[in-house]
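Engineer: Below is the structure I would like to discuss, written out as structure tokens.
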Amino acid sequence: AALSRIEQRDGALGAFLTVQGEQAVAAARALDARRARGEALGPLAGVPIGLKDALCTEGAPTTAGSKILTRAAAGGDGAPRAPDPARGFRPQFDATVVARLREAGAILPGKCNMDEFAMGSSNENSAFGPVKNPWDPSRIPGGSSGGSAVAVAAGMTPGSLGSDTGGSIRQPASLTGVVGIKPTYGRVSRYGLIAFASSLDQIGPFAQDVKGAARLLEVISGRDPRDATSLDAPVGAYEAACGRDVAGLRIGVPEEYFAKGIDARVEAKVREAIEGLRGLGCEIKPVRLPHTRYAVAAYYIVATAEASSNLARFDGVRFGLRVEGDRGGKADLQGLYGRTRGEGFGREVKRRILLGTYVLSAGYYDAYYLRAQKVRTLIRRDFDEAFREVDLIAAPVSPTVAFRLGERVDDPLSMYLADVYTLPASMAGLPAISVPCATAQAPDGGPALPVGLQLIGPALEEARLCQAAYAWE
Ligand code: GLN
């Protein structure tokens, strides 16, 4: 059913880069055989789950949305060809989360479109074309995990995995009307996730409802000896938390998240949702997160610095694309690097490599990188303070509903501002969920579009997030 749904709908949406139909059917058949033998099956037995294409899948193309992870098409006429995700890098191993999904019985029908190397907020930075929002195909679905969000929003798969570095699960979940969770940094193994910014990246689930997302999170969470930053803390009972009473839960509302820049209709809907939580017996209190306004600036220093280092490995030698230097052969190694990276990376990725290299360079390191790290600490302390008073924080996810394709592509700063409400929790390493709370019309008209409510919790309190989001939902 998932494969035929992808077949019917995805031509117009672009959520999947590659579909592994045969493998998916074989996995489903194998599961049927086990069921027939009376074997116990896992918690996701037979459930199709889409995978962001930054997750390594054994033997199946994995591109991270980039031309540099594809092999150039054969043919000697020298004419440039559109990059083809089916010619993507084929890893020899599964990411830990992918292995855990398989063990739980999930069926993996395909790899989802994304902004190149997860850099973006609209999915327009994919080397393979944008993803369209099923609520209004003239609009973006959000990014960078836009394909994973749309796979669920359009009913192609009931769940999917994405990654969130500064908002890339929560923001597309909000803009497409599905549930998305960014876990605590270290809750989920990053082994096999193609890295963007290693101190921020986290893998997390998308699903149609909170319970589904909770179940997925439970399957993928937990210590992994292959990721030294994964936490050795017991995995919570996230699904069982759905349905627990929320009366008496203290919810903080940071005024800094309702400052100028937020669309009035979005603000009204989010405030209504918070009143809804009050109606369920939660205690609503104002809290202050005074360093919120530095989050965008600090994030774009830390994230680009780490990206410039992580992306150094794409050099035309080990993976994917190789464009020989002017003189051909091995003697022109610098030429090989330069031409491969010049042709293989898109504009936004190059912009970030340049920015990141600059902020790490001798003479600027203290002024930019070190300072941004200090600001990061201040942002984390804001949350520490707030969580002395409250159990959760409620806020918007995105200052606007989905904007139009093309509207912000030439204005990176306005694109970066799409993340103002998701970046602080990322900088602090905290878990956060986006749960659909209403629809609202965009200022430029069109149909009503989804609005998400963001709940942010203290470290490792994913169960509390699920509890409150489920009660609200
Ligand atoms: N939109 C942000 C960026 O471009 C966040 C992306 C992400 O979370 N991967 O960096």
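Please note that chains go A, B, ... in the order of the structure tokens, that every chain numbers its residues from 1, and that ligands are numbered from 1 in the order shown.
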Do you have, as CSV, the list of residues of segment 264-368 of chain A lying at most 8 Å from segment 376-381 of chain A, each with its nearest atom pair and that distance in Å to one decimal, counting only C-alpha atoms and ordered by chain then number?
Structural biologist:
residue,atom,partner,partner_atom,distance
A:Leu289,CA,A:Ile379,CA,7.6
A:His291,CA,A:Ile379,CA,5.5
A:Thr292,CA,A:Ile379,CA,6.7
A:Ala295,CA,A:Ile379,CA,7.4
A:Ala298,CA,A:Arg376,CA,6.8
Engineer: Report as CSV the residues of chain A within 9 Å of ligand 1, each with its shortest atom pair and distance in Å (one decimal), using only C-alpha atoms and all ligand atoms, ordered by chain and increasing residue number.
Structural biologist:
residue,atom,partner,partner_atom_place_in_ligand_line,distance
A:Asp115,CA,ligand 1,9 (N),8.1
A:Phe117,CA,ligand 1,9 (N),7.7
A:Ala118,CA,ligand 1,9 (N),4.3
A:Met119,CA,ligand 1,4 (O),3.9
A:Gly120,CA,ligand 1,4 (O),3.5
A:Ser121,CA,ligand 1,1 (N),4.1
A:Ser122,CA,ligand 1,1 (N),7.8
A:Gly142,CA,ligand 1,1 (N),8.6
A:Gly143,CA,ligand 1,1 (N),6.4
A:Ser144,CA,ligand 1,9 (N),5.3
A:Ser145,CA,ligand 1,9 (N),7.4
A:Ser163,CA,ligand 1,9 (N),6.4
A:Asp164,CA,ligand 1,8 (O),4.0
A:Thr165,CA,ligand 1,8 (O),3.4
A:Gly166,CA,ligand 1,8 (O),3.6
A:Gly167,CA,ligand 1,8 (O),4.1
A:Ser168,CA,ligand 1,8 (O),3.5
A:Ile169,CA,ligand 1,8 (O),6.8
A:Arg170,CA,ligand 1,8 (O),8.5
A:Gln171,CA,ligand 1,1 (N),8.4
A:Phe196,CA,ligand 1,9 (N),7.2
A:Ala197,CA,ligand 1,9 (N),8.3
A:Leu200,CA,ligand 1,8 (O),8.3
A:Asp201,CA,ligand 1,9 (N),7.2
A:Gln202,CA,ligand 1,8 (O),8.7
A:Tyr299,CA,ligand 1,10 (O),8.0
A:Tyr300,CA,ligand 1,10 (O),7.1
A:Ala303,CA,ligand 1,10 (O),6.9
A:Thr304,CA,ligand 1,10 (O),8.1
A:Glu348,CA,ligand 1,4 (O),8.9
A:Met415,CA,ligand 1,1 (N),7.6
A:Tyr416,CA,ligand 1,1 (N),6.2
A:Leu417,CA,ligand 1,1 (N),8.6
A:Ala418,CA,ligand 1,1 (N),7.2
A:Asp419,CA,ligand 1,1 (N),5.9
A:Thr422,CA,ligand 1,5 (C),8.4
A:Leu423,CA,ligand 1,5 (C),7.6
A:Ser426,CA,ligand 1,8 (O),8.4
Engineer: Hey, which of A:Cys282, A:Arg288, A:Phe403, A:Ala33 ends up closest to Asp444 of chain A? Count only C-alpha atoms.
Structural biologist: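 Among A:Cys282, A:Arg288, A:Phe403, A:Ala33, it is A:Phe403 that comes nearest to Asp444 of chain A.
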Engineer: As a JSON list (two decimals) with C-alpha atoms, in the first residue's frame, which residues of segment 116-239 of chain A does DSSP assign to alpha helix (DSSP H)?
Structural biologist:
[["chain", "number", "residue", "atom", "x", "y", "z"],
["A", 146, "GLY", "CA", 11.15, 18.10, 4.08],
["A", 147, "GLY", "CA", 10.88, 14.76, 2.29],
["A", 148, "SER", "CA", 10.48, 12.83, 5.54],
["A", 149, "ALA", "CA", 7.76, 15.22, 6.71],
["A", 150, "VAL", "CA", 5.85, 15.04, 3.42],
["A", 151, "ALA", "CA", 6.11, 11.24, 3.28],
["A", 152, "VAL", "CA", 3.99, 11.25, 6.43],
["A", 153, "ALA", "CA", 1.83, 14.32, 5.70],
["A", 170, "ARG", "CA", 10.30, 20.37, 14.14],
["A", 171, "GLN", "CA", 9.95, 23.05, 11.48],
["A", 172, "PRO", "CA", 8.88, 20.76, 8.57],
["A", 173, "ALA", "CA", 6.60, 18.86, 10.99],
["A", 174, "SER", "CA", 4.95, 22.16, 11.89],
["A", 175, "LEU", "CA", 4.60, 23.34, 8.29],
["A", 176, "THR", "CA", 3.10, 20.05, 7.05],
["A", 210, "VAL", "CA", 2.12, 11.56, 19.13],
["A", 211, "LYS", "CA", 1.78, 7.89, 20.00],
["A", 212, "GLY", "CA", 3.30, 6.84, 16.70],
["A", 213, "ALA", "CA", 6.22, 9.22, 17.14],
["A", 214, "ALA", "CA", 6.67, 7.98, 20.71],
["A", 215, "ARG", "CA", 6.86, 4.37, 19.58],
["A", 216, "LEU", "CA", 9.38, 5.18, 16.87],
["A", 217, "LEU", "CA", 11.49, 7.13, 19.34],
["A", 218, "GLU", "CA", 11.48, 4.23, 21.75],
["A", 219, "VAL", "CA", 12.78, 1.90, 19.03],
["A", 220, "ILE", "CA", 15.65, 4.15, 17.90],
["A", 238, "TYR", "CA", 7.46, 7.18, 25.70],
["A", 239, "GLU", "CA", 4.41, 5.44, 24.32]]
Engineer: Let's see if you can do this: from backbone DSSP, list all strand (DSSP E or B) residues in segment 271-380 of chain A, as a PDB file with N, CA and C atoms, in the first residue's frame.
Structural biologist:
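And here is the file that came out, selection.pdb:
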ATOM      1  N   GLU A 283      -0.579  24.307  34.756  1.00  0.00           N
ATOM      2  CA  GLU A 283      -0.392  25.640  35.307  1.00  0.00           C
ATOM      3  C   GLU A 283       0.487  26.415  34.321  1.00  0.00           C
ATOM      4  N   ILE A 284       0.006  27.542  33.827  1.00  0.00           N
ATOM      5  CA  ILE A 284       0.741  28.304  32.812  1.00  0.00           C
ATOM      6  C   ILE A 284       1.450  29.483  33.476  1.00  0.00           C
ATOM      7  N   LYS A 285       2.760  29.581  33.269  1.00  0.00           N
ATOM      8  CA  LYS A 285       3.535  30.646  33.919  1.00  0.00           C
ATOM      9  C   LYS A 285       4.449  31.323  32.907  1.00  0.00           C
ATOM     10  N   PRO A 286       4.660  32.618  33.028  1.00  0.00           N
ATOM     11  CA  PRO A 286       5.666  33.250  32.162  1.00  0.00           C
ATOM     12  C   PRO A 286       7.078  32.856  32.607  1.00  0.00           C
ATOM     13  N   VAL A 287       7.980  32.662  31.644  1.00  0.00           N
ATOM     14  CA  VAL A 287       9.392  32.453  31.979  1.00  0.00           C
ATOM     15  C   VAL A 287      10.219  33.360  31.084  1.00  0.00           C
TER      16      VAL A 287
END
Engineer: Find the residues near segment 82-96 of chain A: any atom within 7 Å, counting only C-alpha atoms, skip ones fewer than 2 places away on the same chain, and give them as a list in words.
Structural biologist: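 Using only C-alpha atoms, the neighbours found are Leu17, Thr18, Leu55, Cys56, Thr57, Glu58, Gly59, Ala60, Pro61, Thr62, Thr63, Lys67, Leu69, Thr70, Arg71, Pro80, Val98, Ala99, Arg100, Phe128, Ser189, Tyr191, Gly192, Leu193, Phe319 and Gly320 of chain A.
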Engineer: Give the answer as one residue: which of A:Gly346, A:Gly261, A:Gly177, A:Gly316 has the shortest atom-to-atom distance to Gln334 of chain A, using only C-alpha atoms?
Structural biologist: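 Comparing A:Gly346, A:Gly261, A:Gly177, A:Gly316 against Gln334 of chain A, the winner is A:Gly316.
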Engineer: Would you mind reading off the distance between atom CA of Leu355 of chain A and atom CA of Asn123 of chain A, one decimal, in Å?
Structural biologist: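 Value for the atom CA of Leu355 of chain A-atom CA of Asn123 of chain A distance: 20.7 Å.
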Engineer: Please list as a PDB file with C-alpha atoms, in the first residue's frame every residue within 8 Å of Tyr369 of chain A, counting only C-alpha atoms and excluding residues in the same chain fewer than 4 positions away.
Structural biologist:
ATOM      1  CA  ILE A 301      28.859  30.233  13.661  1.00  0.00           C
ATOM      2  CA  VAL A 302      28.957  26.916  15.514  1.00  0.00           C
ATOM      3  CA  ALA A 305      32.391  25.770  11.739  1.00  0.00           C
ATOM      4  CA  VAL A 359      35.252  31.686  11.857  1.00  0.00           C
ATOM      5  CA  LEU A 360      37.766  28.935  12.661  1.00  0.00           C
ATOM      6  CA  TYR A 364      39.161  35.071  14.078  1.00  0.00           C
ATOM      7  CA  TYR A 365      38.702  31.946  16.176  1.00  0.00           C
ATOM      8  CA  GLN A 373      30.449  28.801  22.242  1.00  0.00           C
TER       9      GLN A 373
END
Engineer: Measure the distance from atom CA of Gln20 of chain A to atom CA of Gly110 of chain A in Å and round it to one decimal.
Structural biologist: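 Value for the atom CA of Gln20 of chain A-atom CA of Gly110 of chain A distance: 5.2 Å.
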Engineer: Do you know which residues are at most 9 Å from Tyr185 of chain A counting only C-alpha atoms, after dropping those on the same chain fewer than 6 positions away, and could you put them as a PyMOL selection string?
Structural biologist: chain A and resi 199-202+229-231+426+428-431+459-460
Engineer: Next, dump the selected residues to file, keeping only C-alpha atoms, as a CSV table (one decimal), in the first residue's frame.
Structural biologist:
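Full text of result37.csv as output:
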chain,number,residue,atom,x,y,z
A,199,SER,CA,27.5,18.8,18.4
A,200,LEU,CA,24.0,19.6,17.3
A,201,ASP,CA,22.8,16.8,15.0
A,202,GLN,CA,20.1,14.4,16.4
A,229,THR,CA,28.2,10.9,22.4
A,230,SER,CA,25.2,8.6,22.8
A,231,LEU,CA,24.0,8.6,26.4
A,426,SER,CA,19.2,22.7,19.7
A,428,ALA,CA,21.1,23.7,24.6
A,429,GLY,CA,20.8,20.0,23.5
A,430,LEU,CA,17.3,19.8,24.8
A,431,PRO,CA,14.4,17.6,23.6
A,459,ALA,CA,17.3,16.8,29.1
A,460,LEU,CA,16.0,13.2,28.8
Engineer: Excluding Ile433 of chain A and its own-chain neighbours fewer than 5 positions away, which residues fall within 12 Å of it when counting only C-alpha atoms? Please give them as an MDAnalysis selection string.
Structural biologist: chainID A and resid 164 167:174 178:184 204:207 209:210 213:214 217 392:397 422 425:426 452:457 461:470
Engineer: Using only C-alpha atoms, find the one residue out of A:Arg265, A:Arg244, A:Arg5, A:Lys52 that sits nearest to Pro399 of chain A.
Structural biologist: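 Among the listed residues, A:Arg265 lies closest to Pro399 of chain A.
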Engineer: Just give me the gap between atom CA of Glu22 of chain A and atom CA of Ala106 of chain A in Å, one decimal is fine.
Structural biologist: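 Atom-to-atom, atom CA of Glu22 of chain A and atom CA of Ala106 of chain A are spaced 14.8 Å apart.
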Engineer: Looking at only C-alpha atoms, which of A:Ala64, A:Ala24, A:Ala448, A:Met156 is the one that sits closest to Ser4 of chain A?
Structural biologist: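 For Ser4 of chain A, the nearest of the given residues is A:Met156.
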Engineer: For each of A:Gly248, A:Val188, A:Ala312, A:Tyr358, take the minimum atom-to-atom distance to Arg226 of chain A, counting only C-alpha atoms, then give the residue where this is smallest.
Structural biologist: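 Checking each of A:Gly248, A:Val188, A:Ala312, A:Tyr358 against Arg226 of chain A, counting only C-alpha atoms, the winner is A:Val188.
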